[in-house]
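Colleague: Contents are PDB, C-alpha atoms; file name model_10.pdb:
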```pdb
ATOM      1  CA  MET A  24     110.246 116.630  71.107
ATOM      2  CA  THR A  25     106.581 115.591  71.124
ATOM      3  CA  ASP A  26     107.506 111.893  71.277
ATOM      4  CA  GLN A  27     109.987 112.548  74.076
ATOM      5  CA  ARG A  28     107.420 114.625  75.966
ATOM      6  CA  THR A  29     104.815 111.856  75.654
ATOM      7  CA  GLU A  30     107.291 109.154  76.616
ATOM      8  CA  ILE A  31     108.404 110.968  79.766
ATOM      9  CA  PHE A  32     104.816 111.582  80.854
ATOM     10  CA  ALA A  33     103.863 107.943  80.221
ATOM     11  CA  GLN A  34     106.816 106.849  82.356
ATOM     12  CA  HIS A  35     105.453 108.737  85.376
ATOM     13  CA  ARG A  36     101.725 108.499  84.705
ATOM     14  CA  LYS A  37     101.133 105.636  87.155
ATOM     15  CA  THR A  38     102.865 107.554  89.912
ATOM     16  CA  ILE A  39     100.796 110.706  89.559
ATOM     17  CA  GLU A  40      97.601 108.724  88.973
ATOM     18  CA  GLY A  41      98.195 106.897  92.261
ATOM     19  CA  LEU A  42      98.986 110.163  94.019
ATOM     20  CA  ALA A  43      95.831 111.873  92.750
ATOM     21  CA  TYR A  44      93.671 108.877  93.707
ATOM     22  CA  ARG A  45      95.086 108.763  97.240
ATOM     23  CA  ILE A  46      94.425 112.474  97.684
ATOM     24  CA  LEU A  47      90.921 112.433  96.184
ATOM     25  CA  GLY A  48      89.581 108.915  96.746
ATOM     26  CA  THR A  49      87.772 108.666  93.395
ATOM     27  CA  LEU A  50      88.973 107.506  89.991
ATOM     28  CA  ALA A  51      87.077 110.137  88.001
ATOM     29  CA  GLU A  52      88.544 113.033  89.972
ATOM     30  CA  ALA A  53      91.998 111.444  89.860
ATOM     31  CA  HIS A  54      91.785 111.068  86.079
ATOM     32  CA  ASP A  55      90.745 114.718  85.785
ATOM     33  CA  ALA A  56      93.775 115.772  87.831
ATOM     34  CA  VAL A  57      96.094 113.651  85.688
ATOM     35  CA  GLN A  58      94.611 115.059  82.492
ATOM     36  CA  GLU A  59      95.057 118.630  83.708
ATOM     37  CA  THR A  60      98.631 117.787  84.705
ATOM     38  CA  TYR A  61      99.257 116.461  81.198
ATOM     39  CA  LEU A  62      97.962 119.664  79.628
ATOM     40  CA  LYS A  63     100.329 121.727  81.758
ATOM     41  CA  TRP A  64     103.175 119.332  80.911
ATOM     42  CA  HIS A  65     102.299 119.569  77.209
ATOM     43  CA  HIS A  66     102.745 123.345  77.280
ATOM     44  CA  ALA A  67     105.814 123.397  79.547
ATOM     45  CA  ASP A  68     109.385 123.894  78.374
ATOM     46  CA  ILE A  69     110.609 120.432  79.315
ATOM     47  CA  THR A  70     114.196 121.257  78.342
ATOM     48  CA  ALA A  71     114.271 123.471  81.450
ATOM     49  CA  ILE A  72     112.849 120.744  83.741
ATOM     50  CA  GLU A  73     115.702 118.832  85.363
ATOM     51  CA  ARG A  74     113.550 116.344  87.304
ATOM     52  CA  PRO A  75     110.333 115.497  85.440
ATOM     53  CA  ARG A  76     108.999 113.202  88.199
ATOM     54  CA  ALA A  77     109.272 115.921  90.820
ATOM     55  CA  TRP A  78     107.739 118.483  88.452
ATOM     56  CA  LEU A  79     104.791 116.227  87.647
ATOM     57  CA  ILE A  80     104.214 115.320  91.300
ATOM     58  CA  THR A  81     104.291 118.997  92.254
ATOM     59  CA  VAL A  82     101.798 120.041  89.586
ATOM     60  CA  CYS A  83      99.483 117.064  90.109
ATOM     61  CA  SER A  84      99.509 117.543  93.897
ATOM     62  CA  ARG A  85      98.458 121.163  93.609
ATOM     63  CA  ILE A  86      95.696 120.332  91.131
ATOM     64  CA  ALA A  87      94.392 117.471  93.281
ATOM     65  CA  LEU A  88      94.463 119.601  96.441
ATOM     66  CA  ASN A  89      92.426 122.279  94.691
ATOM     67  CA  GLN A  90      89.898 119.644  93.635
ATOM     68  CA  LEU A  91      89.832 118.244  97.171
ATOM     69  CA  GLN A  92      88.568 121.538  98.578
ATOM     70  CA  SER A  93      85.320 121.279  96.607
ATOM     71  CA  ALA A  94      85.143 117.490  97.019
ATOM     72  CA  ARG A  95      85.202 117.821 100.815
ATOM     73  CA  LYS A  96      82.257 120.224 100.732
ATOM     74  CA  GLN A  97      80.301 117.730  98.645
ATOM     75  CA  ARG A  98      81.167 114.890 101.032
ATOM     76  CA  GLU A  99      79.810 116.889 103.967
ATOM     77  CA  MET A 100      76.399 116.577 102.287
ATOM     78  CA  TYR A 101      76.909 112.943 101.220
ATOM     79  CA  SER A 102      74.032 110.597 102.049
ATOM     80  CA  GLY A 103      75.203 107.973 104.554
ATOM     81  CA  GLU A 104      78.760 106.707 104.904
ATOM     82  CA  TRP A 105      81.316 107.745 102.280
ATOM     83  CA  LEU A 106      83.771 105.131 101.013
ATOM     84  CA  PRO A 107      86.504 105.519  98.382
ATOM     85  CA  GLU A 108      85.804 104.388  94.852
ATOM     86  CA  PRO A 109      87.362 100.935  94.281
ATOM     87  CA  PHE A 110      90.671 101.108  92.409
ATOM     88  CA  PRO A 111      90.807  97.975  90.210
ATOM     89  CA  ASP A 112      94.147  96.207  90.257
ATOM     90  CA  GLU A 113      93.825  95.625  86.520
ATOM     91  CA  VAL A 114      94.799  99.290  86.212
ATOM     92  CA  ALA A 115      97.946  98.513  88.135
ATOM     93  CA  MET A 116      98.616  95.286  86.271
ATOM     94  CA  GLN A 117      99.168  97.269  83.096
ATOM     95  CA  SER A 118     102.501  98.168  84.658
ATOM     96  CA  ASP A 119     105.335  95.636  84.664
ATOM     97  CA  ASP A 120     106.980  97.427  87.595
ATOM     98  CA  PRO A 121     106.866  95.114  90.663
ATOM     99  CA  ALA A 122     107.792  98.021  92.944
ATOM    100  CA  TRP A 123     104.695  99.890  91.807
ATOM    101  CA  GLN A 124     102.531  96.835  92.563
ATOM    102  CA  THR A 125     104.025  96.539  96.062
ATOM    103  CA  GLU A 126     103.336 100.226  96.642
ATOM    104  CA  LEU A 127      99.731  99.676  95.554
ATOM    105  CA  ASN A 128      99.235  96.702  97.864
ATOM    106  CA  ASN A 129     100.520  98.519 100.939
ATOM    107  CA  THR A 130      99.167 102.016 100.504
ATOM    108  CA  MET A 131      95.790 101.918  98.766
ATOM    109  CA  SER A 132      93.725  99.977 101.283
ATOM    110  CA  PHE A 133      90.310 101.345 102.210
ATOM    111  CA  ALA A 134      91.523 101.508 105.809
ATOM    112  CA  LEU A 135      94.326 103.908 104.955
ATOM    113  CA  LEU A 136      92.183 105.980 102.601
ATOM    114  CA  LEU A 137      89.525 106.411 105.282
ATOM    115  CA  ALA A 138      92.165 107.407 107.814
ATOM    116  CA  LEU A 139      93.477 109.988 105.334
ATOM    117  CA  GLU A 140      89.940 111.326 104.939
ATOM    118  CA  LYS A 141      90.062 112.475 108.578
ATOM    119  CA  LEU A 142      93.114 114.652 107.924
ATOM    120  CA  SER A 143      93.244 118.199 106.643
ATOM    121  CA  PRO A 144      94.202 118.441 102.949
ATOM    122  CA  LEU A 145      97.696 119.726 103.781
ATOM    123  CA  GLU A 146      98.290 117.019 106.406
ATOM    124  CA  ARG A 147      97.188 114.405 103.913
ATOM    125  CA  ALA A 148      99.452 115.769 101.194
ATOM    126  CA  ALA A 149     102.491 116.094 103.480
ATOM    127  CA  PHE A 150     102.057 112.504 104.720
ATOM    128  CA  LEU A 151     101.562 111.023 101.249
ATOM    129  CA  LEU A 152     104.387 112.946  99.618
ATOM    130  CA  HIS A 153     106.862 112.054 102.370
ATOM    131  CA  ASP A 154     105.864 108.587 103.568
ATOM    132  CA  ILE A 155     104.541 107.120 100.306
ATOM    133  CA  PHE A 156     106.284 109.037  97.523
ATOM    134  CA  GLU A 157     109.508 109.647  99.482
ATOM    135  CA  LEU A 158     109.930 113.359  98.796
ATOM    136  CA  SER A 159     112.107 115.327 101.185
ATOM    137  CA  PHE A 160     110.461 118.004 103.326
ATOM    138  CA  ALA A 161     112.353 120.620 101.337
ATOM    139  CA  GLU A 162     110.697 119.281  98.167
ATOM    140  CA  ILE A 163     107.308 119.084  99.867
ATOM    141  CA  ALA A 164     107.707 122.693 100.965
ATOM    142  CA  GLN A 165     107.971 123.682  97.314
ATOM    143  CA  VAL A 166     104.883 121.626  96.436
ATOM    144  CA  LEU A 167     102.727 123.052  99.221
ATOM    145  CA  GLN A 168     104.385 126.474  99.201
ATOM    146  CA  LYS A 169     104.927 126.318 102.955
ATOM    147  CA  SER A 170     108.040 125.976 105.110
ATOM    148  CA  ALA A 171     109.800 122.622 105.421
ATOM    149  CA  VAL A 172     109.288 122.812 109.200
ATOM    150  CA  GLN A 173     105.543 123.228 108.773
ATOM    151  CA  CYS A 174     105.400 120.334 106.287
ATOM    152  CA  ARG A 175     107.276 118.102 108.723
ATOM    153  CA  GLN A 176     104.787 119.008 111.461
ATOM    154  CA  TRP A 177     101.839 118.166 109.209
ATOM    155  CA  ALA A 178     103.337 114.795 108.269
ATOM    156  CA  THR A 179     104.097 113.982 111.910
ATOM    157  CA  ARG A 180     100.573 114.930 112.972
ATOM    158  CA  ALA A 181      99.114 112.809 110.164
ATOM    159  CA  ARG A 182     101.266 109.809 111.073
ATOM    160  CA  LYS A 183     100.211 110.079 114.723
ATOM    161  CA  HIS A 184      96.543 110.280 113.783
ATOM    162  CA  ILE A 185      96.793 107.221 111.535
ATOM    163  CA  ARG A 186      98.469 105.228 114.316
ATOM    164  CA  GLN A 187      95.742 106.297 116.748
ATOM    165  CA  GLN A 188      93.114 105.023 114.327
ATOM    166  CA  GLY A 189      94.512 101.549 114.990
ATOM    167  CA  ARG A 190      94.403 100.669 111.307
ATOM    168  CA  ARG A 191      96.523  97.742 110.139
ATOM    169  CA  PHE A 192      97.350  98.151 106.497
ATOM    170  CA  VAL A 193      99.363  95.010 105.785
ATOM    171  CA  THR A 194      98.265  91.388 106.284
ATOM    172  CA  THR A 195      99.443  88.186 104.675
ATOM    173  CA  PRO A 196      97.677  87.492 101.362
ATOM    174  CA  GLU A 197      97.096  83.886 102.472
ATOM    175  CA  MET A 198      95.254  84.909 105.650
ATOM    176  CA  HIS A 199      93.283  87.563 103.824
ATOM    177  CA  SER A 200      92.188  85.126 101.097
ATOM    178  CA  ALA A 201      91.276  82.387 103.585
ATOM    179  CA  LEU A 202      89.118  84.727 105.655
ATOM    180  CA  LEU A 203      87.473  86.193 102.563
ATOM    181  CA  GLU A 204      86.652  82.735 101.197
ATOM    182  CA  GLY A 205      85.200  81.701 104.547
ATOM    183  CA  PHE A 206      83.228  84.926 104.706
ATOM    184  CA  ILE A 207      81.772  84.380 101.215
ATOM    185  CA  ALA A 208      80.796  80.775 101.958
ATOM    186  CA  ALA A 209      79.179  81.621 105.294
ATOM    187  CA  ALA A 210      77.281  84.592 103.833
ATOM    188  CA  GLN A 211      75.968  82.551 100.900
ATOM    189  CA  GLN A 212      74.725  79.919 103.343
ATOM    190  CA  HIS A 213      73.364  82.729 105.574
ATOM    191  CA  ASP A 214      75.174  80.988 108.415
ATOM    192  CA  SER A 215      75.440  83.582 111.196
ATOM    193  CA  ALA A 216      77.149  81.087 113.535
ATOM    194  CA  LYS A 217      79.949  80.523 111.020
ATOM    195  CA  LEU A 218      80.237  84.258 110.404
ATOM    196  CA  LEU A 219      80.708  84.794 114.142
ATOM    197  CA  THR A 220      83.819  82.582 114.061
ATOM    198  CA  LEU A 221      85.340  84.802 111.350
ATOM    199  CA  LEU A 222      84.525  88.250 112.739
ATOM    200  CA  ALA A 223      86.399  90.177 115.406
ATOM    201  CA  GLN A 224      84.217  91.052 118.384
ATOM    202  CA  ASP A 225      84.473  94.758 117.536
ATOM    203  CA  VAL A 226      84.114  94.291 113.771
ATOM    204  CA  GLU A 227      82.820  97.284 111.806
ATOM    205  CA  LEU A 228      80.668  97.154 108.661
ATOM    206  CA  TYR A 229      80.696 100.194 106.347
ATOM    207  CA  SER A 230      78.157 100.498 103.539
ATOM    208  CA  ASP A 231      78.102 103.252 100.895
ATOM    209  CA  GLY A 232      74.972 103.654  98.797
ATOM    210  CA  GLY A 233      75.369 107.367  98.126
ATOM    211  CA  GLY A 234      71.640 107.877  98.586
ATOM    212  CA  LYS A 235      71.042 106.041  95.286
ATOM    213  CA  VAL A 236      70.562 102.484  96.520
ATOM    214  CA  GLN A 237      69.736 100.934  99.877
ATOM    215  CA  ALA A 238      72.640 100.907 102.326
ATOM    216  CA  LEU A 239      73.336 101.282 106.031
ATOM    217  CA  ALA A 240      72.811 104.824 107.280
ATOM    218  CA  GLU A 241      75.815 104.506 109.605
ATOM    219  CA  VAL A 242      78.599 102.114 110.564
ATOM    220  CA  MET A 243      77.354  98.848 112.103
ATOM    221  CA  ARG A 244      79.502  97.536 114.959
ATOM    222  CA  GLY A 245      79.766  94.247 116.849
ATOM    223  CA  ALA A 246      80.148  90.653 115.687
ATOM    224  CA  GLY A 247      76.649  89.544 116.650
ATOM    225  CA  GLU A 248      74.873  92.404 114.935
ATOM    226  CA  VAL A 249      77.022  92.248 111.776
ATOM    227  CA  ALA A 250      76.754  88.456 111.454
ATOM    228  CA  GLY A 251      72.983  88.549 111.883
ATOM    229  CA  PHE A 252      72.616  91.402 109.397
ATOM    230  CA  LEU A 253      74.705  89.710 106.689
ATOM    231  CA  ALA A 254      73.008  86.346 107.155
ATOM    232  CA  GLY A 255      69.647  88.108 106.889
ATOM    233  CA  ILE A 256      70.625  89.885 103.668
ATOM    234  CA  PHE A 257      71.582  86.650 101.909
ATOM    235  CA  SER A 258      68.534  84.854 103.288
ATOM    236  CA  ALA A 259      66.365  87.637 101.844
ATOM    237  CA  TYR A 260      68.029  87.186  98.456
ATOM    238  CA  ARG A 261      66.891  83.557  98.401
ATOM    239  CA  GLN A 262      63.394  84.276  99.694
ATOM    240  CA  ASN A 263      62.885  87.002  97.089
ATOM    241  CA  GLY A 264      64.217  84.894  94.222
ATOM    242  CA  VAL A 265      67.185  87.150  93.561
ATOM    243  CA  GLU A 266      69.913  85.347  91.613
ATOM    244  CA  ILE A 267      73.246  85.985  93.353
ATOM    245  CA  CYS A 268      76.712  85.520  91.911
ATOM    246  CA  LEU A 269      79.835  86.298  93.943
ATOM    247  CA  GLN A 270      82.983  86.902  91.908
ATOM    248  CA  PRO A 271      86.398  87.351  93.540
ATOM    249  CA  GLN A 272      88.348  90.333  92.195
ATOM    250  CA  ARG A 273      91.386  92.267  93.307
ATOM    251  CA  PHE A 274      91.045  95.980  93.964
ATOM    252  CA  ASN A 275      92.840  98.452  96.222
ATOM    253  CA  GLY A 276      95.740  96.081  96.619
ATOM    254  CA  SER A 277      93.937  93.007  97.948
ATOM    255  CA  LEU A 278      91.371  90.380  97.041
ATOM    256  CA  GLY A 279      87.743  91.455  97.328
ATOM    257  CA  VAL A 280      84.432  90.144  96.036
ATOM    258  CA  LEU A 281      81.881  91.540  93.593
ATOM    259  CA  VAL A 282      78.239  90.753  94.311
ATOM    260  CA  PHE A 283      75.978  90.481  91.259
ATOM    261  CA  GLU A 284      72.207  90.629  91.767
ATOM    262  CA  ASN A 285      70.346  89.150  88.781
ATOM    263  CA  GLN A 286      73.543  89.564  86.708
ATOM    264  CA  GLN A 287      73.924  93.252  87.630
ATOM    265  CA  LEU A 288      76.922  94.375  89.688
ATOM    266  CA  ALA A 289      75.429  95.631  92.964
ATOM    267  CA  THR A 290      78.199  95.645  95.573
ATOM    268  CA  ALA A 291      81.989  95.559  95.856
ATOM    269  CA  ILE A 292      83.175  94.162  99.189
ATOM    270  CA  THR A 293      86.643  94.244 100.667
ATOM    271  CA  ILE A 294      87.808  93.324 104.155
ATOM    272  CA  GLU A 295      90.583  94.244 106.564
ATOM    273  CA  THR A 296      91.878  91.529 108.853
ATOM    274  CA  HIS A 297      93.755  91.432 112.135
ATOM    275  CA  ALA A 298      94.852  88.563 114.367
ATOM    276  CA  GLY A 299      93.077  85.957 112.261
ATOM    277  CA  ARG A 300      89.696  87.701 112.241
ATOM    278  CA  ILE A 301      87.846  90.139 109.993
ATOM    279  CA  GLN A 302      88.164  93.584 111.588
ATOM    280  CA  HIS A 303      86.482  95.798 108.975
ATOM    281  CA  ILE A 304      84.096  95.124 106.096
ATOM    282  CA  TYR A 305      83.657  97.765 103.381
ATOM    283  CA  ALA A 306      80.687  97.411 101.023
ATOM    284  CA  VAL A 307      80.515  99.899  98.138
ATOM    285  CA  ARG A 308      76.998  99.950  96.657
ATOM    286  CA  ASN A 309      76.855 103.410  95.100
ATOM    287  CA  PRO A 310      76.493 102.555  91.381
ATOM    288  CA  ASP A 311      78.537 105.605  90.386
ATOM    289  CA  LYS A 312      81.536 104.033  92.151
ATOM    290  CA  LEU A 313      81.208 100.585  90.562
ATOM    291  CA  SER A 314      81.620 101.467  86.895
ATOM    292  CA  GLY A 315      85.389 100.943  86.979
ATOM    293  CA  LEU A 316      84.863  97.305  88.019
ATOM    294  CA  HIS A 317      82.640  96.259  85.098
TER     295      HIS A 317
END
```
I need this file expressed as structure tokens, please.

Modeller:
Amino acid sequence: MTDQRTEIFAQHRKTIEGLAYRILGTLAEAHDAVQETYLKWHHADITAIERPRAWLITVCSRIALNQLQSARKQREMYSGEWLPEPFPDEVAMQSDDPAWQTELNNTMSFALLLALEKLSPLERAAFLLHDIFELSFAEIAQVLQKSAVQCRQWATRARKHIRQQGRRFVTTPEMHSALLEGFIAAAQQHDSAKLLTLLAQDVELYSDGGGKVQALAEVMRGAGEVAGFLAGIFSAYRQNGVEICLQPQRFNGSLGVLVFENQQLATAITIETHAGRIQHIYAVRNPDKLSGLH
């Protein structure tokens, strides 16, 4: 029975890990939720559980939502802009399931996670469980212990809000890679003119230092300001004799870049593109959020 119990849990672990991460936005909290789910699964009478996936999703959702309540209070006091912790694709690559990889690529972008952050916990859960994990509203009602009608309303409200955010979650990998490569080259050469050709006029730059390292205090907007700022940063690296190494790496479903300062990982950058330009730049500098990328 123990082997069967472990095997069943392992079969669905990636699903509930992805669910917990999308709800919470950090790997550590997601791992805690998965571990607590496992403990409950370990003590459950699995012979009475007809649909293990649904049972695990239900339990993990409730645990993650409970954690989210305290996490949101902490984020209200967060220093500067809050960004999700990068989710390394190597975690996903451990799975041979191509469907899981496609799900990761389309639904773990920083853009979507930030849009979810604006929702109430129940709106977020209803949207994720229905639109991403394909549960019926009757099933979601059991998870959230609310009526199916109410769950449908939450999901609809969440979907409308995400559309209003104007976020585009899917772009061609070829366009994304080409823009990222151009961005890296222009930044290294601190070429603000070249950067201007890559950035959308209303580009936004997000920087998360968590109060532990230097970062922007708020979102920077506008192609001219962002291009000048980035060119200045890389020019300062050279003037101050800081050795810089930029290493491409996939995380959150797309190609990003890791910036090493004197051989120490300092920043993880990912971009969102639209209409052949870079629309959003996300720079995670909080060292607590970079450990999973080492």

Colleague: Can you check which parts of stretch 175-256 of chain A lie within 8 Å of stretch 136-150 of chain A? Per residue, the shortest pair of atoms and distance in Å to one decimal, counting only C-alpha atoms, sorted by chain and number, as JSON lines.

Modeller:
```
{"residue": "A:Arg175", "atom": "CA", "partner": "A:Ala149", "partner_atom": "CA", "distance": 7.4}
{"residue": "A:Trp177", "atom": "CA", "partner": "A:Glu146", "partner_atom": "CA", "distance": 4.7}
{"residue": "A:Ala178", "atom": "CA", "partner": "A:Phe150", "partner_atom": "CA", "distance": 4.4}
{"residue": "A:Thr179", "atom": "CA", "partner": "A:Phe150", "partner_atom": "CA", "distance": 7.6}
{"residue": "A:Arg180", "atom": "CA", "partner": "A:Glu146", "partner_atom": "CA", "distance": 7.3}
{"residue": "A:Ala181", "atom": "CA", "partner": "A:Glu146", "partner_atom": "CA", "distance": 5.7}
{"residue": "A:Arg182", "atom": "CA", "partner": "A:Phe150", "partner_atom": "CA", "distance": 6.9}
{"residue": "A:His184", "atom": "CA", "partner": "A:Ala138", "partner_atom": "CA", "distance": 7.9}
{"residue": "A:Ile185", "atom": "CA", "partner": "A:Ala138", "partner_atom": "CA", "distance": 5.9}
{"residue": "A:Gln188", "atom": "CA", "partner": "A:Ala138", "partner_atom": "CA", "distance": 7.0}
{"residue": "A:Arg190", "atom": "CA", "partner": "A:Ala138", "partner_atom": "CA", "distance": 7.9}
```

Colleague: So that I can see what lies close to stretch 88-104 of chain A, please list as an mmCIF file with C-alpha atoms, in the coordinates of the input the residues with an atom at most 7 Å from it, counting only C-alpha atoms and leaving out residues fewer than 3 positions away in the same chain.

Modeller:
```cif
data_model
loop_
_atom_site.group_PDB
_atom_site.id
_atom_site.type_symbol
_atom_site.label_atom_id
_atom_site.label_comp_id
_atom_site.auth_asym_id
_atom_site.auth_seq_id
_atom_site.Cartn_x
_atom_site.Cartn_y
_atom_site.Cartn_z
ATOM 1 C CA LEU A 47 90.921 112.433 96.184
ATOM 2 C CA SER A 84 99.509 117.543 93.897
ATOM 3 C CA ARG A 85 98.458 121.163 93.609
ATOM 4 C CA PRO A 144 94.202 118.441 102.949
ATOM 5 C CA TYR A 229 80.696 100.194 106.347
ATOM 6 C CA SER A 230 78.157 100.498 103.539
ATOM 7 C CA ASP A 231 78.102 103.252 100.895
ATOM 8 C CA GLY A 233 75.369 107.367 98.126
ATOM 9 C CA GLY A 234 71.640 107.877 98.586
ATOM 10 C CA ALA A 240 72.811 104.824 107.280
ATOM 11 C CA GLU A 241 75.815 104.506 109.605
#
```

Colleague: Grab all the atoms of stretch 238-257 of chain A that the file lists, wrap them in a box along x, y and z, add 4 Å per side, and give me centre plus edge lengths in Å (one decimal) as lines of an AutoDock Vina configuration file.

Modeller:
```
center_x = 74.9
center_y = 95.6
center_z = 109.4
size_x = 18.5
size_y = 26.5
size_z = 22.9
```

Colleague: What is the distance between atom CA of A:Ile163 and atom CA of A:Trp105, in Å to one decimal?

Modeller: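 About the pair atom CA of A:Ile163 and atom CA of A:Trp105: they are 28.5 Å apart.
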
Colleague: Is it possible to get the residues within 12 Å of (101.4, 121.3, 73.7) (coordinates as in the file, counting only C-alpha atoms) written as a count of residues only?

Modeller: 15

Colleague: Could you list, as a PyMOL selection string, every residue matched by the PyMOL selection byres ((chain A and resi 168) around 12) in this structure?

Modeller: chain A and resi 81-82+84-85+145+148-149+160-167+169-174

Colleague: Which is closest to A:Ile294 among A:Ile256, A:Val242, A:Leu158, A:Val226, if we use only C-alpha atoms?

Modeller: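 Of A:Ile256, A:Val242, A:Leu158, A:Val226, the one nearest A:Ile294 is A:Val226, counting only C-alpha atoms.
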
Colleague: Of the candidates A:Gly48, A:Pro310, A:Pro109, A:Gly299, which shows the shortest atom-to-atom distance to A:Gly205, using all atoms listed in the file?

Modeller: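 Looking only at the distances to A:Gly205, the closest residue turns out to be A:Gly299.
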
Colleague: Please evaluate the PyMOL selection byres ((chain A and resi 272) around 10) against the structure above and give the resulting residues as a count of residues only.

Modeller: 17

Colleague: From the options A:Ile155, A:Ala306, A:Phe206, A:Gln34, which residue's atoms come nearest to A:Thr130, counting only C-alpha atoms?

Modeller: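 Closest candidate: A:Ile155.
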
Colleague: At what distance in Å, to one decimal, does atom CA of A:Leu222 lie from atom CA of A:Val282?

Modeller: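 About the pair atom CA of A:Val282 and atom CA of A:Leu222: they are 19.6 Å apart.
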
Colleague: What does the structure give for the distance between atom CA of A:Asp225 and atom CA of A:Thr49, in Å to one decimal?

Modeller: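 Taking atom CA of A:Asp225 and atom CA of A:Thr49, their separation equals 28.1 Å.
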
Colleague: Under the rule that only C-alpha atoms are counted, which of A:Ala208, A:Ala43, A:Leu313, A:Ala201 is the nearest residue to A:Phe156?

Modeller: A:Ala43

Colleague: Which one of A:Arg45, A:Arg261, A:Arg76, A:His35 sits closest to A:Pro107 if you count all atoms listed in the file?

Modeller: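 Looking only at the distances to A:Pro107, the closest residue turns out to be A:Arg45.
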
Colleague: Between A:Asn275, A:Ser215, A:Thr38, A:Gln187, which has the minimum distance to A:Leu151 (counting all atoms listed in the file)?

Modeller: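 When distances to A:Leu151 are compared using all atoms listed in the file, the smallest one comes from A:Thr38.
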
Colleague: For the file shown, what are the residues hit by the PyMOL selection byres ((chain A and resi 283) around 9), laid out as a PyMOL selection string?

Modeller: chain A and resi 266-270+281-282+284-290
